[in-house]
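Shown below: coords.cif, with mmCIF, C-alpha atoms; chains and numbers go by the auth columns.
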data_data
loop_
_atom_site.group_PDB
_atom_site.id
_atom_site.type_symbol
_atom_site.label_atom_id
_atom_site.label_comp_id
_atom_site.label_asym_id
_atom_site.label_seq_id
_atom_site.Cartn_x
_atom_site.Cartn_y
_atom_site.Cartn_z
_atom_site.B_iso_or_equiv
_atom_site.auth_seq_id
_atom_site.auth_asym_id
ATOM 1 C CA GLY A 1 0.000 0.000 0.000 0.00 1443 A
ATOM 2 C CA GLU A 2 0.889 3.677 0.008 0.00 1444 A
ATOM 3 C CA ASN A 3 3.509 5.054 2.405 0.00 1445 A
ATOM 4 C CA VAL A 4 3.630 8.783 3.115 0.00 1446 A
ATOM 5 C CA GLU A 5 6.590 10.308 4.903 0.00 1447 A
ATOM 6 C CA GLN A 6 6.501 13.848 6.247 0.00 1448 A
ATOM 7 C CA HIS A 7 9.340 16.140 7.336 0.00 1449 A
ATOM 8 C CA PRO A 8 10.165 17.856 9.558 0.00 1450 A
ATOM 9 C CA SER A 9 8.260 16.620 12.593 0.00 1451 A
ATOM 10 C CA THR A 10 8.607 20.025 14.270 0.00 1452 A
ATOM 11 C CA LEU A 11 9.293 23.406 12.759 0.00 1453 A
ATOM 12 C CA SER A 12 9.809 26.664 14.570 0.00 1454 A
ATOM 13 C CA VAL A 13 9.866 29.952 12.651 0.00 1455 A
ATOM 14 C CA GLN A 14 9.767 33.625 13.452 0.00 1456 A
ATOM 15 C CA GLU A 15 6.592 35.522 12.625 0.00 1457 A
ATOM 16 C CA GLY A 16 6.810 36.812 9.081 0.00 1458 A
ATOM 17 C CA ASP A 17 9.189 34.100 7.903 0.00 1459 A
ATOM 18 C CA SER A 18 8.253 31.314 5.489 0.00 1460 A
ATOM 19 C CA ALA A 19 7.653 27.698 6.444 0.00 1461 A
ATOM 20 C CA VAL A 20 8.039 24.657 4.200 0.00 1462 A
ATOM 21 C CA ILE A 21 6.816 21.153 4.981 0.00 1463 A
ATOM 22 C CA LYS A 22 7.702 18.254 2.691 0.00 1464 A
ATOM 23 C CA CYS A 23 6.071 14.902 2.035 0.00 1465 A
ATOM 24 C CA THR A 24 7.030 11.936 -0.107 0.00 1466 A
ATOM 25 C CA TYR A 25 4.776 9.142 -1.252 0.00 1467 A
ATOM 26 C CA SER A 26 5.408 5.689 -2.642 0.00 1468 A
ATOM 27 C CA ASP A 27 2.408 4.830 -4.833 0.00 1469 A
ATOM 28 C CA SER A 28 2.817 6.374 -8.266 0.00 1470 A
ATOM 29 C CA ALA A 29 -0.934 5.900 -8.814 0.00 1471 A
ATOM 30 C CA SER A 30 -1.811 8.373 -6.051 0.00 1472 A
ATOM 31 C CA ASN A 31 -3.542 11.308 -7.670 0.00 1473 A
ATOM 32 C CA TYR A 32 -4.878 13.547 -4.909 0.00 1474 A
ATOM 33 C CA PHE A 33 -2.827 15.274 -2.215 0.00 1475 A
ATOM 34 C CA PRO A 34 -4.586 17.302 0.493 0.00 1476 A
ATOM 35 C CA TRP A 35 -3.096 19.189 3.415 0.00 1477 A
ATOM 36 C CA TYR A 36 -4.846 19.453 6.748 0.00 1478 A
ATOM 37 C CA LYS A 37 -4.301 21.825 9.649 0.00 1479 A
ATOM 38 C CA GLN A 38 -5.164 20.642 13.141 0.00 1480 A
ATOM 39 C CA GLU A 39 -5.181 23.114 15.981 0.00 1481 A
ATOM 40 C CA LEU A 40 -4.885 21.835 19.518 0.00 1482 A
ATOM 41 C CA GLY A 41 -8.034 20.003 20.552 0.00 1483 A
ATOM 42 C CA LYS A 42 -9.746 20.578 17.227 0.00 1484 A
ATOM 43 C CA ARG A 43 -10.532 18.544 14.144 0.00 1485 A
ATOM 44 C CA PRO A 44 -8.256 18.452 11.105 0.00 1486 A
ATOM 45 C CA GLN A 45 -9.350 21.009 8.527 0.00 1487 A
ATOM 46 C CA LEU A 46 -8.542 20.960 4.837 0.00 1488 A
ATOM 47 C CA ILE A 47 -6.471 24.009 3.942 0.00 1489 A
ATOM 48 C CA ILE A 48 -5.361 23.250 0.401 0.00 1490 A
ATOM 49 C CA ASP A 49 -5.194 20.332 -1.982 0.00 1491 A
ATOM 50 C CA ILE A 50 -3.662 19.464 -5.317 0.00 1492 A
ATOM 51 C CA ARG A 51 -4.476 16.917 -7.971 0.00 1493 A
ATOM 52 C CA SER A 52 -1.915 15.024 -9.983 0.00 1494 A
ATOM 53 C CA ASN A 53 -2.572 16.966 -13.187 0.00 1495 A
ATOM 54 C CA VAL A 54 -1.379 20.202 -11.574 0.00 1496 A
ATOM 55 C CA GLY A 55 2.136 21.148 -10.506 0.00 1497 A
ATOM 56 C CA GLU A 56 1.358 24.051 -8.184 0.00 1498 A
ATOM 57 C CA LYS A 57 -1.598 25.661 -6.474 0.00 1499 A
ATOM 58 C CA LYS A 58 -1.800 28.843 -4.416 0.00 1500 A
ATOM 59 C CA ASP A 59 -4.334 30.250 -2.012 0.00 1501 A
ATOM 60 C CA GLN A 60 -3.267 33.562 -0.513 0.00 1502 A
ATOM 61 C CA ARG A 61 -0.295 32.827 1.788 0.00 1503 A
ATOM 62 C CA ILE A 62 -0.443 29.070 1.232 0.00 1504 A
ATOM 63 C CA ALA A 63 0.876 27.124 -1.744 0.00 1505 A
ATOM 64 C CA VAL A 64 1.394 23.486 -2.549 0.00 1506 A
ATOM 65 C CA THR A 65 3.775 22.058 -5.144 0.00 1507 A
ATOM 66 C CA LEU A 66 3.787 18.562 -6.574 0.00 1508 A
ATOM 67 C CA ASN A 67 6.609 16.727 -8.308 0.00 1509 A
ATOM 68 C CA LYS A 68 5.131 13.503 -9.680 0.00 1510 A
ATOM 69 C CA THR A 69 8.416 12.241 -11.036 0.00 1511 A
ATOM 70 C CA ALA A 70 10.107 12.463 -7.673 0.00 1512 A
ATOM 71 C CA LYS A 71 6.900 11.582 -5.846 0.00 1513 A
ATOM 72 C CA HIS A 72 7.010 14.441 -3.416 0.00 1514 A
ATOM 73 C CA PHE A 73 4.839 17.423 -2.577 0.00 1515 A
ATOM 74 C CA SER A 74 5.361 20.387 -0.324 0.00 1516 A
ATOM 75 C CA LEU A 75 3.367 22.958 1.612 0.00 1517 A
ATOM 76 C CA HIS A 76 4.648 26.517 1.609 0.00 1518 A
ATOM 77 C CA ILE A 77 3.364 29.131 4.033 0.00 1519 A
ATOM 78 C CA THR A 78 4.602 32.679 3.528 0.00 1520 A
ATOM 79 C CA GLU A 79 4.461 35.596 5.965 0.00 1521 A
ATOM 80 C CA THR A 80 3.672 33.257 8.838 0.00 1522 A
ATOM 81 C CA GLN A 81 1.479 34.470 11.674 0.00 1523 A
ATOM 82 C CA PRO A 82 1.028 33.137 15.231 0.00 1524 A
ATOM 83 C CA GLU A 83 -2.381 31.735 14.233 0.00 1525 A
ATOM 84 C CA ASP A 84 -0.602 29.469 11.746 0.00 1526 A
ATOM 85 C CA SER A 85 0.741 27.517 14.739 0.00 1527 A
ATOM 86 C CA ALA A 86 -0.775 24.025 14.535 0.00 1528 A
ATOM 87 C CA VAL A 87 -0.029 20.496 13.405 0.00 1529 A
ATOM 88 C CA TYR A 88 -0.087 20.058 9.647 0.00 1530 A
ATOM 89 C CA PHE A 89 -0.750 16.723 7.966 0.00 1531 A
ATOM 90 C CA CYS A 90 -0.184 15.795 4.371 0.00 1532 A
ATOM 91 C CA ALA A 91 -2.037 12.927 2.742 0.00 1533 A
ATOM 92 C CA ALA A 92 -2.056 10.961 -0.477 0.00 1534 A
ATOM 93 C CA SER A 93 -4.949 9.158 -2.082 0.00 1535 A
ATOM 94 C CA ARG A 94 -5.697 7.123 -5.157 0.00 1536 A
ATOM 95 C CA ASN A 95 -9.104 8.166 -6.390 0.00 1537 A
ATOM 96 C CA PHE A 96 -10.165 9.763 -3.093 0.00 1538 A
ATOM 97 C CA ASN A 97 -11.517 6.714 -1.330 0.00 1539 A
ATOM 98 C CA LYS A 98 -8.619 5.860 0.994 0.00 1540 A
ATOM 99 C CA PHE A 99 -6.230 8.432 2.382 0.00 1541 A
ATOM 100 C CA TYR A 100 -2.754 7.796 3.748 0.00 1542 A
ATOM 101 C CA PHE A 101 -1.551 10.472 6.109 0.00 1543 A
ATOM 102 C CA GLY A 102 1.909 11.660 6.988 0.00 1544 A
ATOM 103 C CA SER A 103 2.954 11.684 10.617 0.00 1545 A
ATOM 104 C CA GLY A 104 2.372 15.416 11.015 0.00 1546 A
ATOM 105 C CA THR A 105 4.479 18.550 11.457 0.00 1547 A
ATOM 106 C CA LYS A 106 4.074 20.715 14.504 0.00 1548 A
ATOM 107 C CA LEU A 107 4.582 24.299 13.360 0.00 1549 A
ATOM 108 C CA ASN A 108 5.343 26.927 15.976 0.00 1550 A
ATOM 109 C CA VAL A 109 5.306 30.543 14.856 0.00 1551 A
ATOM 110 C CA LYS A 110 7.051 32.753 17.387 0.00 1552 A
ATOM 111 C CA PRO A 111 5.747 36.317 17.662 0.00 1553 A
ATOM 112 C CA LYS B 1 -25.247 23.436 6.555 0.00 1304 B
ATOM 113 C CA ALA B 2 -24.301 21.240 9.502 0.00 1305 B
ATOM 114 C CA GLY B 3 -20.863 19.679 9.549 0.00 1306 B
ATOM 115 C CA VAL B 4 -19.880 16.139 10.397 0.00 1307 B
ATOM 116 C CA THR B 5 -21.301 15.267 13.811 0.00 1308 B
ATOM 117 C CA GLN B 6 -19.748 12.677 16.070 0.00 1309 B
ATOM 118 C CA THR B 7 -21.216 11.414 19.308 0.00 1310 B
ATOM 119 C CA PRO B 8 -20.327 11.112 22.054 0.00 1311 B
ATOM 120 C CA ARG B 9 -17.434 13.572 22.328 0.00 1312 B
ATOM 121 C CA TYR B 10 -15.829 11.798 25.243 0.00 1313 B
ATOM 122 C CA LEU B 11 -16.075 8.250 26.511 0.00 1314 B
ATOM 123 C CA ILE B 12 -14.423 6.314 29.311 0.00 1315 B
ATOM 124 C CA LYS B 13 -14.611 2.535 29.201 0.00 1316 B
ATOM 125 C CA THR B 14 -13.073 -0.365 31.068 0.00 1317 B
ATOM 126 C CA ARG B 15 -10.866 -3.012 29.478 0.00 1318 B
ATOM 127 C CA GLY B 16 -12.923 -5.830 28.030 0.00 1319 B
ATOM 128 C CA GLN B 17 -16.002 -3.714 27.393 0.00 1320 B
ATOM 129 C CA GLN B 18 -17.297 -2.795 23.999 0.00 1321 B
ATOM 130 C CA VAL B 19 -18.129 0.629 22.622 0.00 1322 B
ATOM 131 C CA THR B 20 -20.137 2.100 19.752 0.00 1323 B
ATOM 132 C CA LEU B 21 -19.334 5.464 18.237 0.00 1324 B
ATOM 133 C CA SER B 22 -21.642 7.361 15.930 0.00 1325 B
ATOM 134 C CA CYS B 23 -21.036 9.649 12.973 0.00 1326 B
ATOM 135 C CA SER B 24 -23.536 11.710 11.006 0.00 1327 B
ATOM 136 C CA PRO B 25 -22.010 12.978 7.754 0.00 1328 B
ATOM 137 C CA ILE B 26 -22.756 16.234 6.020 0.00 1329 B
ATOM 138 C CA SER B 27 -26.109 16.027 4.300 0.00 1330 B
ATOM 139 C CA GLY B 28 -25.659 14.534 0.855 0.00 1331 B
ATOM 140 C CA HIS B 29 -22.262 12.980 1.599 0.00 1332 B
ATOM 141 C CA ARG B 30 -22.318 9.261 0.910 0.00 1333 B
ATOM 142 C CA SER B 31 -18.791 8.305 1.841 0.00 1334 B
ATOM 143 C CA VAL B 32 -17.839 7.983 5.499 0.00 1335 B
ATOM 144 C CA SER B 33 -14.366 7.053 6.693 0.00 1336 B
ATOM 145 C CA TRP B 34 -13.036 6.396 10.165 0.00 1337 B
ATOM 146 C CA TYR B 35 -9.569 7.129 11.497 0.00 1338 B
ATOM 147 C CA GLN B 36 -7.792 6.488 14.762 0.00 1339 B
ATOM 148 C CA GLN B 37 -5.516 9.287 15.919 0.00 1340 B
ATOM 149 C CA THR B 38 -2.873 8.713 18.558 0.00 1341 B
ATOM 150 C CA PRO B 39 0.198 10.787 19.433 0.00 1342 B
ATOM 151 C CA GLY B 40 2.557 8.019 18.430 0.00 1343 B
ATOM 152 C CA GLN B 41 0.857 6.635 15.317 0.00 1344 B
ATOM 153 C CA GLY B 42 -0.745 9.698 13.780 0.00 1345 B
ATOM 154 C CA LEU B 43 -3.862 9.204 11.689 0.00 1346 B
ATOM 155 C CA GLN B 44 -4.487 5.551 10.938 0.00 1347 B
ATOM 156 C CA PHE B 45 -7.183 4.505 8.478 0.00 1348 B
ATOM 157 C CA LEU B 46 -9.796 2.129 9.900 0.00 1349 B
ATOM 158 C CA PHE B 47 -12.395 1.717 7.151 0.00 1350 B
ATOM 159 C CA GLU B 48 -14.540 3.515 4.627 0.00 1351 B
ATOM 160 C CA TYR B 49 -18.200 3.047 3.830 0.00 1352 B
ATOM 161 C CA PHE B 50 -20.029 4.086 0.722 0.00 1353 B
ATOM 162 C CA SER B 51 -23.720 3.443 0.139 0.00 1354 B
ATOM 163 C CA GLU B 52 -23.917 1.065 3.119 0.00 1355 B
ATOM 164 C CA THR B 53 -21.003 -1.060 1.856 0.00 1356 B
ATOM 165 C CA GLN B 54 -17.537 -1.270 3.318 0.00 1357 B
ATOM 166 C CA ARG B 55 -15.372 -0.221 0.404 0.00 1358 B
ATOM 167 C CA ASN B 56 -11.950 -0.076 2.038 0.00 1359 B
ATOM 168 C CA LYS B 57 -10.428 -1.447 5.191 0.00 1360 B
ATOM 169 C CA GLY B 58 -7.253 -0.628 7.083 0.00 1361 B
ATOM 170 C CA ASN B 59 -4.990 -2.929 9.056 0.00 1362 B
ATOM 171 C CA PHE B 60 -6.872 -3.108 12.320 0.00 1363 B
ATOM 172 C CA PRO B 61 -7.934 -6.323 14.089 0.00 1364 B
ATOM 173 C CA GLY B 62 -11.422 -7.735 13.721 0.00 1365 B
ATOM 174 C CA ARG B 63 -12.413 -6.188 17.056 0.00 1366 B
ATOM 175 C CA PHE B 64 -12.923 -2.991 15.070 0.00 1367 B
ATOM 176 C CA SER B 65 -16.024 -3.036 12.915 0.00 1368 B
ATOM 177 C CA GLY B 66 -18.432 -0.594 11.423 0.00 1369 B
ATOM 178 C CA ARG B 67 -21.548 -0.134 9.407 0.00 1370 B
ATOM 179 C CA GLN B 68 -23.401 2.487 7.475 0.00 1371 B
ATOM 180 C CA PHE B 69 -27.116 3.045 7.352 0.00 1372 B
ATOM 181 C CA SER B 70 -29.319 4.034 4.439 0.00 1373 B
ATOM 182 C CA ASN B 71 -29.221 7.677 5.576 0.00 1374 B
ATOM 183 C CA SER B 72 -25.383 7.536 5.395 0.00 1375 B
ATOM 184 C CA ARG B 73 -24.966 7.712 9.151 0.00 1376 B
ATOM 185 C CA SER B 74 -22.230 5.393 10.307 0.00 1377 B
ATOM 186 C CA GLU B 75 -21.331 3.589 13.485 0.00 1378 B
ATOM 187 C CA MET B 76 -18.045 2.133 14.586 0.00 1379 B
ATOM 188 C CA ASN B 77 -17.846 -0.630 17.165 0.00 1380 B
ATOM 189 C CA VAL B 78 -14.866 -1.810 19.143 0.00 1381 B
ATOM 190 C CA SER B 79 -15.242 -5.015 21.145 0.00 1382 B
ATOM 191 C CA THR B 80 -13.078 -6.343 23.970 0.00 1383 B
ATOM 192 C CA LEU B 81 -11.445 -2.991 24.559 0.00 1384 B
ATOM 193 C CA GLU B 82 -7.733 -2.822 25.293 0.00 1385 B
ATOM 194 C CA LEU B 83 -5.741 -0.021 26.902 0.00 1386 B
ATOM 195 C CA GLY B 84 -4.076 0.632 23.549 0.00 1387 B
ATOM 196 C CA ASP B 85 -7.432 1.496 22.001 0.00 1388 B
ATOM 197 C CA SER B 86 -7.398 4.807 23.854 0.00 1389 B
ATOM 198 C CA ALA B 87 -7.360 7.403 21.104 0.00 1390 B
ATOM 199 C CA LEU B 88 -9.245 10.098 19.272 0.00 1391 B
ATOM 200 C CA TYR B 89 -11.535 8.486 16.713 0.00 1392 B
ATOM 201 C CA LEU B 90 -12.253 10.739 13.780 0.00 1393 B
ATOM 202 C CA CYS B 91 -14.959 10.351 11.231 0.00 1394 B
ATOM 203 C CA ALA B 92 -14.742 12.069 7.859 0.00 1395 B
ATOM 204 C CA SER B 93 -17.266 12.372 5.081 0.00 1396 B
ATOM 205 C CA SER B 94 -16.996 13.307 1.444 0.00 1397 B
ATOM 206 C CA LEU B 95 -19.459 14.055 -1.300 0.00 1398 B
ATOM 207 C CA SER B 96 -18.104 11.594 -3.806 0.00 1399 B
ATOM 208 C CA ASP B 97 -14.913 10.221 -5.257 0.00 1400 B
ATOM 209 C CA ALA B 98 -13.842 13.615 -6.465 0.00 1401 B
ATOM 210 C CA TYR B 99 -13.683 15.531 -3.237 0.00 1402 B
ATOM 211 C CA GLY B 100 -11.604 15.521 -0.094 0.00 1403 B
ATOM 212 C CA TYR B 101 -12.706 14.898 3.430 0.00 1404 B
ATOM 213 C CA THR B 102 -14.484 16.986 6.003 0.00 1405 B
ATOM 214 C CA PHE B 103 -13.646 15.724 9.458 0.00 1406 B
ATOM 215 C CA GLY B 104 -15.842 15.614 12.514 0.00 1407 B
ATOM 216 C CA SER B 105 -14.579 16.774 15.907 0.00 1408 B
ATOM 217 C CA GLY B 106 -13.934 13.225 17.008 0.00 1409 B
ATOM 218 C CA THR B 107 -14.741 11.001 19.933 0.00 1410 B
ATOM 219 C CA ARG B 108 -12.026 10.750 22.544 0.00 1411 B
ATOM 220 C CA LEU B 109 -12.067 7.231 23.937 0.00 1412 B
ATOM 221 C CA THR B 110 -10.197 6.439 27.119 0.00 1413 B
ATOM 222 C CA VAL B 111 -9.856 2.819 28.170 0.00 1414 B
ATOM 223 C CA VAL B 112 -8.970 2.240 31.825 0.00 1415 B
#
In structure tokens, what does this structure look like?
Amino acid sequence: GENVEQHPSTLSVQEGDSAVIKCTYSDSASNYFPWYKQELGKRPQLIIDIRSNVGEKKDQRIAVTLNKTAKHFSLHITETQPEDSAVYFCAASRNFNKFYFGSGTKLNVKP
Amino acid sequence: KAGVTQTPRYLIKTRGQQVTLSCSPISGHRSVSWYQQTPGQGLQFLFEYFSETQRNKGNFPGRFSGRQFSNSRSEMNVSTLELGDSALYLCASSLSDAYGYTFGSGTRLTVV
């Protein structure tokens, strides 16, 4: 089955800096890659996703890039703010009906 | 519209007991998936139901089972509870095989 690895496990940045979280996947048939943000004590929430026919997607301060050849995708957060502090999970799916999650990255944005 | 609703929010059970968790998906969502979240293992896939049929299953023992009703509501059952079953159980629903998940707030199960 699919194996998703996520790095780093913790990331500490200064407010205003950029943060990058990277994930690799093993199943070349995976075609959907969402990112979830989970604040302490809350449910994971979808923040951005990308499909395999697209190389990059942006939504305000958040962007995701996908390299299908290398089988890796990354989350980029620019101009980080304290409210960006949370655990971020990447995931990979083949046709949406079973998702494999990375182990999570705890992002701490220091004011 | 209402989000994914999970009940109960918190549950304390004793080893050996069984437990049933409930999930009501977003109206119109037909796919319901269940995940176990623990600090050490992250989000682990349990199973997925679509139109009352189990479509996918993760690598959990047979003590973990589920079902889905005709109104898409789903239940998850764990029998003969073990201490290691203590976790946050998350339910997620999706509209179809072209959309990502919306998660519920989870049921935190503590086994003592």
Test item: the PyMOL selection byres ((chain B) within 12 of (chain A)) resolved as an MDAnalysis selection string: chainID B and resid 1306:1309 1312 1333:1353 1357:1362 1391:1411
Surrounding residues of A:Lys1500 excluding itself and chain neighbours under 3 positions, 12 Å, only C-alpha atoms, as an MDAnalysis selection string: chainID A and resid 1489:1492 1496:1497 1503:1508 1516:1520
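The interatomic distance for the pair atom CA of A:Tyr1467 and atom CA of A:Thr1547 works out to 15.8 Å.
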For atom CA of A:Thr1511 and atom CA of A:Val1462, the interatomic separation in Å (one decimal):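 Between atom CA of A:Thr1511 and atom CA of A:Val1462 the gap works out to 19.7 Å.
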Residue nearest B:Thr1413 - candidates B:Phe1372, B:Asn1380, B:Tyr1313, B:Phe1363, atoms counted: all atoms listed in the file: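 Closest to B:Thr1413, using all atoms listed in the file: B:Tyr1313.
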Take stretch 1376-1397 of chain B from the block and save it with N, CA and C atoms, as a PDB file, in the first residue's frame.
ATOM      1  N   ARG B1376     -25.548   7.726   7.809  1.00  0.00           N
ATOM      2  CA  ARG B1376     -24.966   7.712   9.151  1.00  0.00           C
ATOM      3  C   ARG B1376     -24.173   6.433   9.353  1.00  0.00           C
ATOM      4  N   SER B1377     -23.106   6.547  10.115  1.00  0.00           N
ATOM      5  CA  SER B1377     -22.230   5.393  10.307  1.00  0.00           C
ATOM      6  C   SER B1377     -21.955   5.177  11.792  1.00  0.00           C
ATOM      7  N   GLU B1378     -21.749   3.951  12.133  1.00  0.00           N
ATOM      8  CA  GLU B1378     -21.331   3.589  13.485  1.00  0.00           C
ATOM      9  C   GLU B1378     -20.055   2.775  13.424  1.00  0.00           C
ATOM     10  N   MET B1379     -19.256   2.932  14.458  1.00  0.00           N
ATOM     11  CA  MET B1379     -18.045   2.133  14.586  1.00  0.00           C
ATOM     12  C   MET B1379     -18.113   1.424  15.931  1.00  0.00           C
ATOM     13  N   ASN B1380     -17.788   0.154  15.943  1.00  0.00           N
ATOM     14  CA  ASN B1380     -17.846  -0.630  17.165  1.00  0.00           C
ATOM     15  C   ASN B1380     -16.471  -1.227  17.467  1.00  0.00           C
ATOM     16  N   VAL B1381     -16.103  -1.153  18.710  1.00  0.00           N
ATOM     17  CA  VAL B1381     -14.866  -1.810  19.143  1.00  0.00           C
ATOM     18  C   VAL B1381     -15.237  -2.755  20.278  1.00  0.00           C
ATOM     19  N   SER B1382     -14.924  -4.037  20.106  1.00  0.00           N
ATOM     20  CA  SER B1382     -15.242  -5.015  21.145  1.00  0.00           C
ATOM     21  C   SER B1382     -13.984  -5.354  21.933  1.00  0.00           C
ATOM     22  N   THR B1383     -14.183  -5.915  23.103  1.00  0.00           N
ATOM     23  CA  THR B1383     -13.078  -6.343  23.970  1.00  0.00           C
ATOM     24  C   THR B1383     -11.982  -5.282  24.024  1.00  0.00           C
ATOM     25  N   LEU B1384     -12.350  -4.140  24.545  1.00  0.00           N
ATOM     26  CA  LEU B1384     -11.445  -2.991  24.559  1.00  0.00           C
ATOM     27  C   LEU B1384     -10.135  -3.284  25.270  1.00  0.00           C
ATOM     28  N   GLU B1385      -9.066  -2.727  24.703  1.00  0.00           N
ATOM     29  CA  GLU B1385      -7.733  -2.822  25.293  1.00  0.00           C
ATOM     30  C   GLU B1385      -7.251  -1.416  25.617  1.00  0.00           C
ATOM     31  N   LEU B1386      -6.275  -1.325  26.517  1.00  0.00           N
ATOM     32  CA  LEU B1386      -5.741  -0.021  26.902  1.00  0.00           C
ATOM     33  C   LEU B1386      -5.226   0.738  25.680  1.00  0.00           C
ATOM     34  N   GLY B1387      -4.643   0.021  24.748  1.00  0.00           N
ATOM     35  CA  GLY B1387      -4.076   0.632  23.549  1.00  0.00           C
ATOM     36  C   GLY B1387      -5.111   1.192  22.589  1.00  0.00           C
ATOM     37  N   ASP B1388      -6.371   0.938  22.855  1.00  0.00           N
ATOM     38  CA  ASP B1388      -7.432   1.496  22.001  1.00  0.00           C
ATOM     39  C   ASP B1388      -7.758   2.930  22.379  1.00  0.00           C
ATOM     40  N   SER B1389      -7.184   3.416  23.461  1.00  0.00           N
ATOM     41  CA  SER B1389      -7.398   4.807  23.854  1.00  0.00           C
ATOM     42  C   SER B1389      -6.868   5.718  22.756  1.00  0.00           C
ATOM     43  N   ALA B1390      -7.730   6.569  22.242  1.00  0.00           N
ATOM     44  CA  ALA B1390      -7.360   7.403  21.104  1.00  0.00           C
ATOM     45  C   ALA B1390      -8.492   8.369  20.790  1.00  0.00           C
ATOM     46  N   LEU B1391      -8.209   9.258  19.858  1.00  0.00           N
ATOM     47  CA  LEU B1391      -9.245  10.098  19.272  1.00  0.00           C
ATOM     48  C   LEU B1391      -9.707   9.419  17.997  1.00  0.00           C
ATOM     49  N   TYR B1392     -10.983   9.134  17.906  1.00  0.00           N
ATOM     50  CA  TYR B1392     -11.535   8.486  16.713  1.00  0.00           C
ATOM     51  C   TYR B1392     -12.246   9.549  15.885  1.00  0.00           C
ATOM     52  N   LEU B1393     -11.744   9.711  14.682  1.00  0.00           N
ATOM     53  CA  LEU B1393     -12.253  10.739  13.780  1.00  0.00           C
ATOM     54  C   LEU B1393     -13.043  10.110  12.646  1.00  0.00           C
ATOM     55  N   CYS B1394     -14.143  10.737  12.363  1.00  0.00           N
ATOM     56  CA  CYS B1394     -14.959  10.351  11.231  1.00  0.00           C
ATOM     57  C   CYS B1394     -14.835  11.459  10.189  1.00  0.00           C
ATOM     58  N   ALA B1395     -14.831  11.080   8.928  1.00  0.00           N
ATOM     59  CA  ALA B1395     -14.742  12.069   7.859  1.00  0.00           C
ATOM     60  C   ALA B1395     -15.720  11.685   6.755  1.00  0.00           C
ATOM     61  N   SER B1396     -16.360  12.672   6.183  1.00  0.00           N
ATOM     62  CA  SER B1396     -17.266  12.372   5.081  1.00  0.00           C
ATOM     63  C   SER B1396     -16.853  13.143   3.840  1.00  0.00           C
ATOM     64  N   SER B1397     -17.251  12.614   2.699  1.00  0.00           N
ATOM     65  CA  SER B1397     -16.996  13.307   1.444  1.00  0.00           C
ATOM     66  C   SER B1397     -18.182  13.110   0.519  1.00  0.00           C
TER      67      SER B1397
END
